[in-house]
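J.: Below is one structure. I have some questions about it.
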Amino acid sequence: MNATTERPDGEREALERAWRAPRGWRLLSAVNNTHIGVFYIATAMLFFVLAGVLALVMRTQLAVPDNDLVDARTYNQLFTMHGTVMMFLFAVPIVEAVAVYLLPGMLGARDLPFPRLSAYAFWTYAIGGIVFFCTIFFGEAPDGGWFMYPPLTGKEFSPGRGADWWLLGIGFIEISAIAGAIELIIGVLFTRAPGMTLMRMPVFAWAMLVSALMIVFAFPAVIAATMLLEVERAFGWPFFMPARGGDPLLWQHLFWFFGHPEVYIIFLPAAGMVSMMVATCARTPLVGYRAVVMALIGVGVVSFLLWAHHMFTAGLGGVPMLLVSAASFVVAIPSGLQVFAWIATFWRGRVTLDTPTLFLLGFHFIFVLGGLTGVMVAVLPFDWQAHDSYFIVAHLHYVLIGGMVFPLFAGFYHWAPVFNGHRLSERAGRWVFGLMFGGFNLAFFPMHIAGLLGMPRRVATYPGDLGWNGLNLASTVGAFVLAGGVLLFFIDALRTMRRPEREHGNPWGAGTLEWLPQRDYGVRSIPEVDSPYPLWQQPSLPQEVERGHHWLPGTVFGGRETLVTSVRAARPVQLLRLPTDGWLPVVAAAGTAGFFLLLTVSQAVLAFGCGAVAIVAMLWWLWEADQAPSALTADVGHGVHLPVMATGRNSHSWWATVVLVAVDMTIFSSLVFSHLHLAMAAEVCPPPGAALPALQWPLVSALLWLAGSGGIAWAGRLLDDPRPQRQRALRWLTVLALCCTLGAVAIDLASHSRAGLDPTDQAWSATVGMLLGYEAFHAAVLLFAGGFVLARSWRGKLQPVARASLDNTRLLWHCATAQGVLGALVVQAAPRLLG
């Protein structure tokens, strides 16, 4: 697609009008990636600085023995907030933020497929995260560690609201991360430039795809865990209370099923950035591209086998610990493969020691050391000695700061010109690297030795006769040197951001698409590519793209648009119309954050009011999203006409719902695991005082669930017939499906109530109550979704070519049915098998 005919006058102006950003304070209503990505990055870096300040206070407290700068309670709040902010408010959000900003350009797309979802994810995170952080100024911050182990965080030992702030506050962060992951998965799979097959994608796109899929299957476990602990604190359901059949280890299983993969959720995007920057710095393609892609996938898969890596001292038994120990060694193989690929690329190419390269070399040194200590703590006898010592603190920071922060700063220096056309200062950058690299190693390497000398984690002070004094003082000095490097970076970044915007060109001579000429609308025309490094293979591509000689050179309908391409071969299959800027995502995000935060302070009425506002805003934007087009096909360039709408499995929104269903089923699986874990731990199942309803009641409930799913499936088939009477039948079937579903839930609740279910009595009954509560939650969701379908049908908006609301609701309905039937089967079968 490189015709040389001149494009019609006015095409570029029409693009600029369609994508023009709001001015002044209205810029906050922007939804496209170029603005949301900048907001996202800035907010994540704000939390990085805030968490770093907390760390400096802790290091000052530990600089000398018997220090009384802060008391023990305040110190506990400091390390809890430091870890929570770094892991939940910085590490995961910053990698999603960089992806939101850079991925559309790398993929050759105008924007990601759900701009409002990106905006919602950001504002939920920003509003809730700032309020959550402010709790430290009012003495309300949590103090149970970023891992929040029960029983320490139960109501008995943590009677204040600090733990509730953590549990409910983390809720909106999880929602934000999952929303961002859905956006990125669909964006990578469906909005690549034509010709960009899976094996021509930038490695960063592969890394974000794997990382986002890991979020989908890891984050639900901690959602389930926080739900259980908050319900225990609020209502006395004893999930983690041993005296009433609970088990504190249940929290560790659920938390670390999220917590250890999270390390790789953070590392893999950084590794993807490193793979791209190494190739550019060396001016040569990445050595072993396919092997690196397979290594990314391998790390993602193996990481889920490692959750008990943090539980070697919990008494799990010999065989499970040996298997997890073996997996801890295995994960080093694909990680090491990437390191050798980067070294080989540097070796083969011609490298200039500029600032990005320095940060990449520093990353290699620090991350490899962190990996080596990771292999050490995979050895069971060594871990038993080093566990909960400062050796683990050192290892964690070498992996996370070396594995993510140094690549991130390399990325800032590498991709800074994309923002406004200016590079960051090379002279200042060398000072930034020197201070950060030297300060980091001075701060954290002595912690290895202090840990081996017996210094435990999470101590507010220590006597002066244990041999740790010099090591702690050195660590404190190093922390301030590291902070000095970060401060210098921000000074240089602010100076550069204030310079007038200009064309960024391609200052590093990179080969990937983000270095094409960019505006708010992305590229002038969407290029056709035929290699992983199209700018190297097609030197004239920037000029061709800028002249509009490739796909979609203008705006077909006068609005924002991009191409949808097939998953494997990246053939153009649809013109996707994108929403413009607006306040609905901000309102929905504020309502979501308000719901969780107000529940924390026991303002239930206001909380549910905020929840209602969030739901109305979401339904409003969904109502606008699924509209029949004025034309069914559109010319996207070179006389090629593509459909404007897609339905069912051809629709990107259908696949986004599939990902959401995977999240939902993983939460459900975590609740089932909790039930089975406590059932197997009980001496008798069900325990004394607990009873099951008669078998006929779950059978009737299951039949009603299946009837509801059948009704909504039949309704979907009727939509293919445009006759008015078919729409009436569709509405009646939807009402019938709702009645069946609500009836099934009512029977389950009533039958367990009549059998004497008391979730406050013992843990087994509490898990049954939790499964029933999750079932009732789905009934409420389906009530809203079914009502939405009915409203669209009544208003004539539900049509064969505009049916996403019905198709996606069918998926949610089948998911809820599967959970209703499987939940009843598990509750009924477990006592008979474990009896």
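Ordering of the structure tokens sets the chain letters (A, B, ...); residue numbers start at 1 within each chain; ligands are numbered from 1 in the order shown.
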Dump as CSV the rows for residues of segment 493-609 of chain A within 8 Å of segment 99-123 of chain A: closest atom pair and distance in Å with one decimal, only C-alpha atoms counted, ordered by chain and rising residue number.

T.:
```
residue,atom,partner,partner_atom,distance
A:Thr512,CA,A:Met106,CA,6.4
A:Leu513,CA,A:Met106,CA,4.8
A:Glu514,CA,A:Gly105,CA,4.3
A:Trp515,CA,A:Gly105,CA,7.8
A:Leu516,CA,A:Gly105,CA,7.9
A:Gln518,CA,A:Gly105,CA,7.9
A:Tyr521,CA,A:Arg110,CA,5.7
A:Gly522,CA,A:Arg110,CA,4.8
A:Val523,CA,A:Arg110,CA,6.6
A:Ile526,CA,A:Gly108,CA,5.8
A:Pro527,CA,A:Gly108,CA,6.6
A:Glu561,CA,A:Arg110,CA,7.1
A:Thr562,CA,A:Arg110,CA,5.4
A:Leu563,CA,A:Ala109,CA,7.1
A:Leu576,CA,A:Pro113,CA,7.8
A:Leu578,CA,A:Pro113,CA,7.1
A:Pro579,CA,A:Pro115,CA,7.1
A:Pro585,CA,A:Tyr120,CA,4.6
A:Val586,CA,A:Trp123,CA,6.0
A:Ala588,CA,A:Tyr120,CA,6.9
A:Ala589,CA,A:Tyr120,CA,5.4
A:Ala590,CA,A:Trp123,CA,7.2
```

J.: Using only C-alpha atoms, which protein or nucleic acid residues come within 7 Å of Arg244 of chain A? Drop anything in the same chain fewer than 5 positions from it, and give the result as a PyMOL selection string.

T.: chain A and resi 238+762-763

J.: Which residues are close to Thr284 of chain A, i.e. within 8 Å by only C-alpha atoms, leaving aside same-chain residues fewer than 2 positions away? Reply as a count of residues only.

T.: 7

J.: Determine, counting only C-alpha atoms, which protein, DNA and RNA residues have an atom within 6 Å of an atom of segment 729-746 of chain A; residues of the same chain fewer than 5 positions away are not included. Present the result as a ChimeraX atom specification.

T.: /A:701,704-705,708,711-712,715,790

J.: When distances are computed from only C-alpha atoms, which of A:Gly288, A:Gly318, A:Pro356, A:Pro517 shows the smallest separation from Arg547 of chain A?

T.: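 Of A:Gly288, A:Gly318, A:Pro356, A:Pro517, the one nearest Arg547 of chain A, counting only C-alpha atoms, is A:Pro517.
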
J.: Using only C-alpha atoms, can you tell me which of A:His549, A:Leu703, A:Gln538, A:Leu380 comes closest to Arg524 of chain A?

T.: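 Checking each candidate against Arg524 of chain A, we get A:His549 as the closest.
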
J.: Taking the backbone alone, and naming residues the way the document does, which bits of segment 335-556 of chain A are alpha helix (DSSP H) by DSSP, as a PyMOL selection string?

T.: chain A and resi 335-348+355-377+380-386+390-400+406-420+426-452+469-497+534-537+541-546

J.: Would you export the selected residues with C-alpha atoms as a CSV table (one decimal), in the first residue's frame, please?

T.:
```csv
chain,number,residue,atom,x,y,z
A,335,SER,CA,14.4,-15.4,32.4
A,336,GLY,CA,18.1,-16.2,31.8
A,337,LEU,CA,17.4,-16.9,28.1
A,338,GLN,CA,16.2,-13.3,27.7
A,339,VAL,CA,19.3,-12.0,29.5
A,340,PHE,CA,21.6,-13.9,27.1
A,341,ALA,CA,19.6,-12.7,24.1
A,342,TRP,CA,20.1,-9.1,25.2
A,343,ILE,CA,23.9,-9.7,25.8
A,344,ALA,CA,24.2,-11.3,22.4
A,345,THR,CA,22.4,-8.4,20.7
A,346,PHE,CA,24.8,-5.9,22.4
A,347,TRP,CA,27.7,-8.1,21.3
A,348,ARG,CA,26.5,-8.3,17.7
A,355,THR,CA,22.1,7.4,29.0
A,356,PRO,CA,19.5,4.7,28.0
A,357,THR,CA,22.4,2.2,27.4
A,358,LEU,CA,23.9,3.0,30.8
A,359,PHE,CA,20.5,2.3,32.5
A,360,LEU,CA,20.2,-0.9,30.5
A,361,LEU,CA,23.7,-2.1,31.6
A,362,GLY,CA,22.9,-1.2,35.2
A,363,PHE,CA,19.7,-3.2,34.9
A,364,HIS,CA,21.6,-6.2,33.7
A,365,PHE,CA,24.0,-6.0,36.7
A,366,ILE,CA,21.3,-5.5,39.3
A,367,PHE,CA,18.7,-7.9,38.0
A,368,VAL,CA,21.2,-10.7,37.5
A,369,LEU,CA,22.3,-10.3,41.2
A,370,GLY,CA,18.6,-10.3,42.2
A,371,GLY,CA,18.0,-13.5,40.1
A,372,LEU,CA,21.0,-15.2,41.8
A,373,THR,CA,19.7,-14.5,45.3
A,374,GLY,CA,16.3,-15.6,44.1
A,375,VAL,CA,17.8,-19.0,43.2
A,376,MET,CA,19.4,-19.0,46.7
A,377,VAL,CA,16.0,-18.6,48.5
A,380,LEU,CA,14.7,-24.9,51.2
A,381,PRO,CA,17.4,-25.0,53.9
A,382,PHE,CA,18.7,-21.6,53.0
A,383,ASP,CA,15.2,-20.1,52.9
A,384,TRP,CA,14.4,-21.4,56.3
A,385,GLN,CA,17.4,-19.4,57.6
A,386,ALA,CA,16.9,-16.3,55.5
A,390,TYR,CA,16.8,-8.3,55.7
A,391,PHE,CA,18.3,-10.7,53.1
A,392,ILE,CA,14.8,-11.0,51.6
A,393,VAL,CA,14.4,-7.2,51.7
A,394,ALA,CA,17.6,-6.9,49.7
A,395,HIS,CA,16.6,-9.7,47.2
A,396,LEU,CA,13.1,-8.2,46.7
A,397,HIS,CA,14.5,-4.7,45.9
A,398,TYR,CA,17.3,-6.1,43.6
A,399,VAL,CA,14.6,-7.9,41.6
A,400,LEU,CA,12.0,-5.1,41.6
A,406,PHE,CA,16.0,0.8,35.9
A,407,PRO,CA,14.4,-0.3,32.6
A,408,LEU,CA,11.6,2.2,33.2
A,409,PHE,CA,14.1,5.1,33.6
A,410,ALA,CA,16.0,3.8,30.5
A,411,GLY,CA,12.6,4.0,28.8
A,412,PHE,CA,12.0,7.5,29.9
A,413,TYR,CA,15.3,8.6,28.3
A,414,HIS,CA,14.7,6.5,25.2
A,415,TRP,CA,11.0,7.5,24.5
A,416,ALA,CA,11.0,11.0,25.9
A,417,PRO,CA,11.1,12.5,22.3
A,418,VAL,CA,7.8,10.9,21.6
A,419,PHE,CA,6.2,13.3,24.1
A,420,ASN,CA,7.3,16.6,22.7
A,426,GLU,CA,22.5,13.6,28.2
A,427,ARG,CA,24.8,15.3,30.7
A,428,ALA,CA,22.2,15.3,33.5
A,429,GLY,CA,21.3,11.7,32.6
A,430,ARG,CA,24.7,10.4,33.3
A,431,TRP,CA,24.6,12.0,36.7
A,432,VAL,CA,21.1,10.6,37.3
A,433,PHE,CA,22.4,7.1,36.4
A,434,GLY,CA,25.5,7.4,38.5
A,435,LEU,CA,23.6,8.5,41.6
A,436,MET,CA,20.8,6.0,41.1
A,437,PHE,CA,23.1,3.0,40.4
A,438,GLY,CA,25.7,3.8,43.1
A,439,GLY,CA,23.0,4.8,45.6
A,440,PHE,CA,21.0,1.7,45.0
A,441,ASN,CA,23.8,-0.7,45.5
A,442,LEU,CA,25.0,1.2,48.6
A,443,ALA,CA,21.5,1.1,50.0
A,444,PHE,CA,20.6,-2.5,49.4
A,445,PHE,CA,23.7,-4.6,49.1
A,446,PRO,CA,24.6,-4.2,52.8
A,447,MET,CA,21.1,-5.5,53.6
A,448,HIS,CA,22.2,-9.0,52.3
A,449,ILE,CA,24.9,-9.0,54.9
A,450,ALA,CA,22.7,-7.6,57.7
A,451,GLY,CA,20.1,-10.3,57.0
A,452,LEU,CA,22.7,-13.1,57.1
A,469,ASN,CA,25.3,-0.4,62.9
A,470,GLY,CA,27.7,0.3,60.0
A,471,LEU,CA,25.6,-1.6,57.5
A,472,ASN,CA,22.4,0.3,58.4
A,473,LEU,CA,24.1,3.6,58.2
A,474,ALA,CA,25.6,2.7,54.8
A,475,SER,CA,22.1,1.7,53.6
A,476,THR,CA,20.6,5.0,54.8
A,477,VAL,CA,23.3,7.0,53.0
A,478,GLY,CA,22.8,5.0,49.8
A,479,ALA,CA,19.0,5.6,50.0
A,480,PHE,CA,19.5,9.3,50.1
A,481,VAL,CA,22.0,9.2,47.2
A,482,LEU,CA,19.5,7.2,45.2
A,483,ALA,CA,16.8,9.8,46.0
A,484,GLY,CA,19.2,12.5,44.8
A,485,GLY,CA,19.4,10.8,41.4
A,486,VAL,CA,15.6,10.6,41.2
A,487,LEU,CA,15.3,14.2,42.1
A,488,LEU,CA,17.7,15.3,39.5
A,489,PHE,CA,15.8,13.2,36.9
A,490,PHE,CA,12.5,15.0,37.8
A,491,ILE,CA,14.2,18.4,37.5
A,492,ASP,CA,15.5,17.6,34.0
A,493,ALA,CA,12.2,16.0,33.0
A,494,LEU,CA,10.2,19.1,34.0
A,495,ARG,CA,12.7,21.3,32.2
A,496,THR,CA,12.3,19.3,29.0
A,497,MET,CA,8.5,19.1,29.2
A,534,PRO,CA,9.5,-1.8,9.5
A,535,LEU,CA,11.4,1.5,9.7
A,536,TRP,CA,14.6,-0.4,9.0
A,537,GLN,CA,13.1,-2.5,6.2
A,541,LEU,CA,7.7,4.5,5.4
A,542,PRO,CA,7.5,7.7,7.5
A,543,GLN,CA,7.1,9.9,4.4
A,544,GLU,CA,4.5,7.5,2.9
A,545,VAL,CA,2.5,7.4,6.1
A,546,GLU,CA,2.6,11.2,6.5
```

J.: Considering only C-alpha atoms, return as a ChimeraX atom specification whatever protein or nucleic-acid residues lie within 12 Å of Phe133 of chain A, sequence-local ones (same chain, fewer than 3 positions apart) excluded.

T.: /A:46-48,50-51,54,77-78,80-86,88-89,125-130,136-142,162,165-166,169-170,597

J.: If you keep N, CA, C and O atoms, can you produce a file of those selected residues as a tab-separated table (two decimals), in the first residue's frame?

T.:
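In the end it all went to again32.tsv:
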```
chain	number	residue	atom	x	y	z
A	46	LEU	N	4.08	9.99	40.70
A	46	LEU	CA	3.80	10.68	41.96
A	46	LEU	C	3.78	9.68	43.11
A	46	LEU	O	4.38	9.93	44.18
A	47	PHE	N	3.14	8.54	42.91
A	47	PHE	CA	3.11	7.53	43.97
A	47	PHE	C	4.50	6.93	44.20
A	47	PHE	O	4.84	6.56	45.33
A	48	PHE	N	5.31	6.83	43.15
A	48	PHE	CA	6.69	6.37	43.32
A	48	PHE	C	7.46	7.32	44.25
A	48	PHE	O	8.17	6.87	45.16
A	50	LEU	N	6.11	9.44	46.48
A	50	LEU	CA	5.52	9.39	47.82
A	50	LEU	C	5.99	8.15	48.58
A	50	LEU	O	6.35	8.23	49.76
A	51	ALA	N	5.99	7.00	47.90
A	51	ALA	CA	6.48	5.78	48.55
A	51	ALA	C	7.96	5.90	48.87
A	51	ALA	O	8.43	5.39	49.89
A	54	LEU	N	8.43	7.82	52.08
A	54	LEU	CA	8.20	6.94	53.24
A	54	LEU	C	9.43	6.07	53.50
A	54	LEU	O	9.81	5.84	54.66
A	77	GLN	N	3.02	1.53	60.13
A	77	GLN	CA	2.23	2.16	59.08
A	77	GLN	C	3.11	2.57	57.91
A	77	GLN	O	2.71	2.42	56.74
A	78	LEU	N	4.32	3.02	58.20
A	78	LEU	CA	5.22	3.44	57.13
A	78	LEU	C	5.59	2.28	56.22
A	78	LEU	O	5.51	2.40	54.98
A	80	THR	N	4.06	-0.56	55.86
A	80	THR	CA	2.86	-1.09	55.20
A	80	THR	C	2.48	-0.22	54.01
A	80	THR	O	2.22	-0.73	52.90
A	81	MET	N	2.46	1.09	54.22
A	81	MET	CA	2.10	1.99	53.13
A	81	MET	C	3.17	2.01	52.05
A	81	MET	O	2.85	2.09	50.85
A	82	HIS	N	4.44	1.94	52.44
A	82	HIS	CA	5.50	1.92	51.44
A	82	HIS	C	5.34	0.72	50.51
A	82	HIS	O	5.35	0.86	49.27
A	83	GLY	N	5.19	-0.46	51.09
A	83	GLY	CA	5.04	-1.66	50.27
A	83	GLY	C	3.77	-1.64	49.44
A	83	GLY	O	3.77	-2.00	48.26
A	84	THR	N	2.65	-1.22	50.06
A	84	THR	CA	1.37	-1.20	49.35
A	84	THR	C	1.41	-0.21	48.19
A	84	THR	O	0.96	-0.52	47.08
A	85	VAL	N	1.94	0.99	48.44
A	85	VAL	CA	1.97	2.00	47.39
A	85	VAL	C	2.91	1.57	46.27
A	85	VAL	O	2.56	1.69	45.08
A	86	MET	N	4.07	1.06	46.61
A	86	MET	CA	5.00	0.63	45.57
A	86	MET	C	4.43	-0.51	44.73
A	86	MET	O	4.55	-0.50	43.49
A	88	PHE	N	1.06	-1.75	44.58
A	88	PHE	CA	-0.27	-1.60	44.02
A	88	PHE	C	-0.49	-0.27	43.31
A	88	PHE	O	-1.27	-0.21	42.35
A	89	LEU	N	0.13	0.80	43.79
A	89	LEU	CA	-0.13	2.12	43.22
A	89	LEU	C	0.97	2.60	42.29
A	89	LEU	O	0.80	3.61	41.61
A	125	TYR	N	-8.21	4.64	39.57
A	125	TYR	CA	-6.92	4.48	40.26
A	125	TYR	C	-6.45	5.79	40.88
A	125	TYR	O	-6.02	5.84	42.05
A	126	ALA	N	-6.54	6.89	40.14
A	126	ALA	CA	-6.01	8.16	40.63
A	126	ALA	C	-6.82	8.69	41.81
A	126	ALA	O	-6.25	9.07	42.84
A	127	ILE	N	-8.14	8.72	41.68
A	127	ILE	CA	-8.98	9.27	42.74
A	127	ILE	C	-8.86	8.42	44.00
A	127	ILE	O	-8.59	8.92	45.11
A	128	GLY	N	-9.06	7.12	43.84
A	128	GLY	CA	-9.00	6.24	45.01
A	128	GLY	C	-7.62	6.17	45.62
A	128	GLY	O	-7.47	6.14	46.85
A	129	GLY	N	-6.57	6.14	44.77
A	129	GLY	CA	-5.22	6.00	45.27
A	129	GLY	C	-4.79	7.21	46.10
A	129	GLY	O	-4.16	7.06	47.15
A	130	ILE	N	-5.15	8.39	45.65
A	130	ILE	CA	-4.77	9.59	46.40
A	130	ILE	C	-5.48	9.64	47.75
A	130	ILE	O	-4.87	9.94	48.78
A	136	ILE	N	-2.52	8.15	55.78
A	136	ILE	CA	-1.33	8.16	56.64
A	136	ILE	C	-1.22	9.48	57.41
A	136	ILE	O	-0.60	9.54	58.48
A	137	PHE	N	-1.84	10.54	56.89
A	137	PHE	CA	-1.77	11.83	57.57
A	137	PHE	C	-2.79	11.95	58.70
A	137	PHE	O	-2.75	12.90	59.47
A	138	PHE	N	-3.71	11.00	58.79
A	138	PHE	CA	-4.76	11.04	59.81
A	138	PHE	C	-4.68	9.87	60.78
A	138	PHE	O	-5.63	9.61	61.52
A	139	GLY	N	-3.55	9.14	60.77
A	139	GLY	CA	-3.39	8.01	61.67
A	139	GLY	C	-4.29	6.84	61.35
A	139	GLY	O	-4.49	5.96	62.19
A	140	GLU	N	-4.86	6.79	60.13
A	140	GLU	CA	-5.79	5.73	59.75
A	140	GLU	C	-5.15	4.73	58.80
A	140	GLU	O	-5.83	3.84	58.29
A	141	ALA	N	-3.86	4.86	58.55
A	141	ALA	CA	-3.21	3.98	57.58
A	141	ALA	C	-3.13	2.55	58.13
A	141	ALA	O	-3.02	2.34	59.34
A	142	PRO	N	-3.17	1.55	57.26
A	142	PRO	CA	-3.00	0.16	57.71
A	142	PRO	C	-1.61	-0.06	58.26
A	142	PRO	O	-0.65	0.63	57.89
A	162	GLY	N	-7.71	0.96	59.77
A	162	GLY	CA	-6.56	0.86	58.87
A	162	GLY	C	-6.64	-0.32	57.94
A	162	GLY	O	-6.44	-0.19	56.73
A	165	TRP	N	-9.27	0.22	55.29
A	165	TRP	CA	-8.80	1.09	54.21
A	165	TRP	C	-7.99	0.28	53.19
A	165	TRP	O	-8.11	0.47	51.98
A	166	TRP	N	-7.17	-0.62	53.70
A	166	TRP	CA	-6.37	-1.45	52.78
A	166	TRP	C	-7.27	-2.37	51.97
A	166	TRP	O	-7.18	-2.44	50.75
A	169	GLY	N	-9.77	-0.27	49.94
A	169	GLY	CA	-9.01	0.61	49.06
A	169	GLY	C	-8.33	-0.13	47.93
A	169	GLY	O	-8.27	0.35	46.80
A	170	ILE	N	-7.83	-1.33	48.24
A	170	ILE	CA	-7.20	-2.12	47.18
A	170	ILE	C	-8.23	-2.58	46.16
A	170	ILE	O	-7.91	-2.84	45.01
A	597	LEU	N	-14.54	3.70	49.15
A	597	LEU	CA	-13.97	4.51	50.22
A	597	LEU	C	-15.01	4.86	51.27
A	597	LEU	O	-14.70	4.88	52.48
```

J.: For Gln828 of chain A, list every protein, DNA or RNA residue within 10 Å, evaluated using only C-alpha atoms, and leave out those in the same chain fewer than 5 positions away; present the list as number ranges by chain.

T.: A: 686, 692-695, 698, 822-823, 833

J.: For N, CA, C and O atoms, I'd like the residues from the last selection saved as a compact mmCIF listing (two decimals), in the first residue's frame.

T.:
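The file below, part.txt, is the result:
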```txt
# COMPACT_ATOMS: atom_id res chain seq x y z
N PRO A 686 -20.12 -31.88 56.77
CA PRO A 686 -20.07 -30.56 57.37
C PRO A 686 -19.85 -30.64 58.87
O PRO A 686 -20.19 -31.65 59.49
N LEU A 692 -26.98 -29.35 55.28
CA LEU A 692 -27.23 -29.07 53.88
C LEU A 692 -28.73 -29.12 53.60
O LEU A 692 -29.46 -29.89 54.23
N PRO A 693 -29.22 -28.34 52.65
CA PRO A 693 -30.62 -28.48 52.25
C PRO A 693 -30.86 -29.80 51.55
O PRO A 693 -29.91 -30.43 51.04
N ALA A 694 -32.10 -30.23 51.53
CA ALA A 694 -32.45 -31.48 50.83
C ALA A 694 -32.04 -31.39 49.36
O ALA A 694 -32.08 -30.31 48.75
N LEU A 695 -31.68 -32.53 48.77
CA LEU A 695 -31.07 -32.57 47.45
C LEU A 695 -31.98 -31.99 46.36
O LEU A 695 -31.50 -31.47 45.36
N PRO A 698 -31.36 -27.93 45.39
CA PRO A 698 -30.33 -27.53 44.42
C PRO A 698 -30.62 -28.04 43.01
O PRO A 698 -30.24 -27.39 42.03
N LEU A 822 -22.30 -25.16 39.37
CA LEU A 822 -21.06 -25.72 39.95
C LEU A 822 -20.97 -25.45 41.45
O LEU A 822 -20.51 -26.31 42.21
N GLY A 823 -21.41 -24.27 41.88
CA GLY A 823 -21.37 -23.97 43.30
C GLY A 823 -22.23 -24.92 44.11
O GLY A 823 -21.81 -25.44 45.15
N LEU A 833 -18.00 -36.67 49.80
CA LEU A 833 -16.69 -37.22 49.47
C LEU A 833 -15.73 -37.18 50.65
O LEU A 833 -14.85 -38.05 50.76
```

J.: Counting only C-alpha atoms, which of A:Pro65, A:Pro150, A:Pro22, A:Gly716 gets nearest to His253 of chain A?

T.: A:Pro150

J.: I want to know what sits within 10 Å of Ile333 of chain A, based on only C-alpha atoms, with residues of the same chain fewer than 6 positions away left out; could you give that as a PyMOL selection string?

T.: chain A and resi 295+298-299+339

J.: Record the distance separating atom CA of Val324 of chain A and atom CA of His677 of chain A, expressed in Å with one decimal.

T.: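 Separating atom CA of Val324 of chain A from atom CA of His677 of chain A is a distance of 18.7 Å.
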
J.: Mind pulling up the distance from atom CA of Leu213 of chain A to atom CA of Glu174 of chain A?

T.: 14.0 Å

J.: Measuring atom to atom with only C-alpha atoms, identify which of A:Val292, A:Pro759, A:Arg723, A:Val658 is nearest to Gly689 of chain A.

T.: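 The shortest atom-to-atom distance to Gly689 of chain A comes from A:Pro759.
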
J.: Taking only C-alpha atoms into account, which of A:Phe204, A:Phe784, A:Trp251, A:Tyr75 comes nearest Met227 of chain A?

T.: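 Among the listed residues, the smallest separation from Met227 of chain A belongs to A:Trp251.
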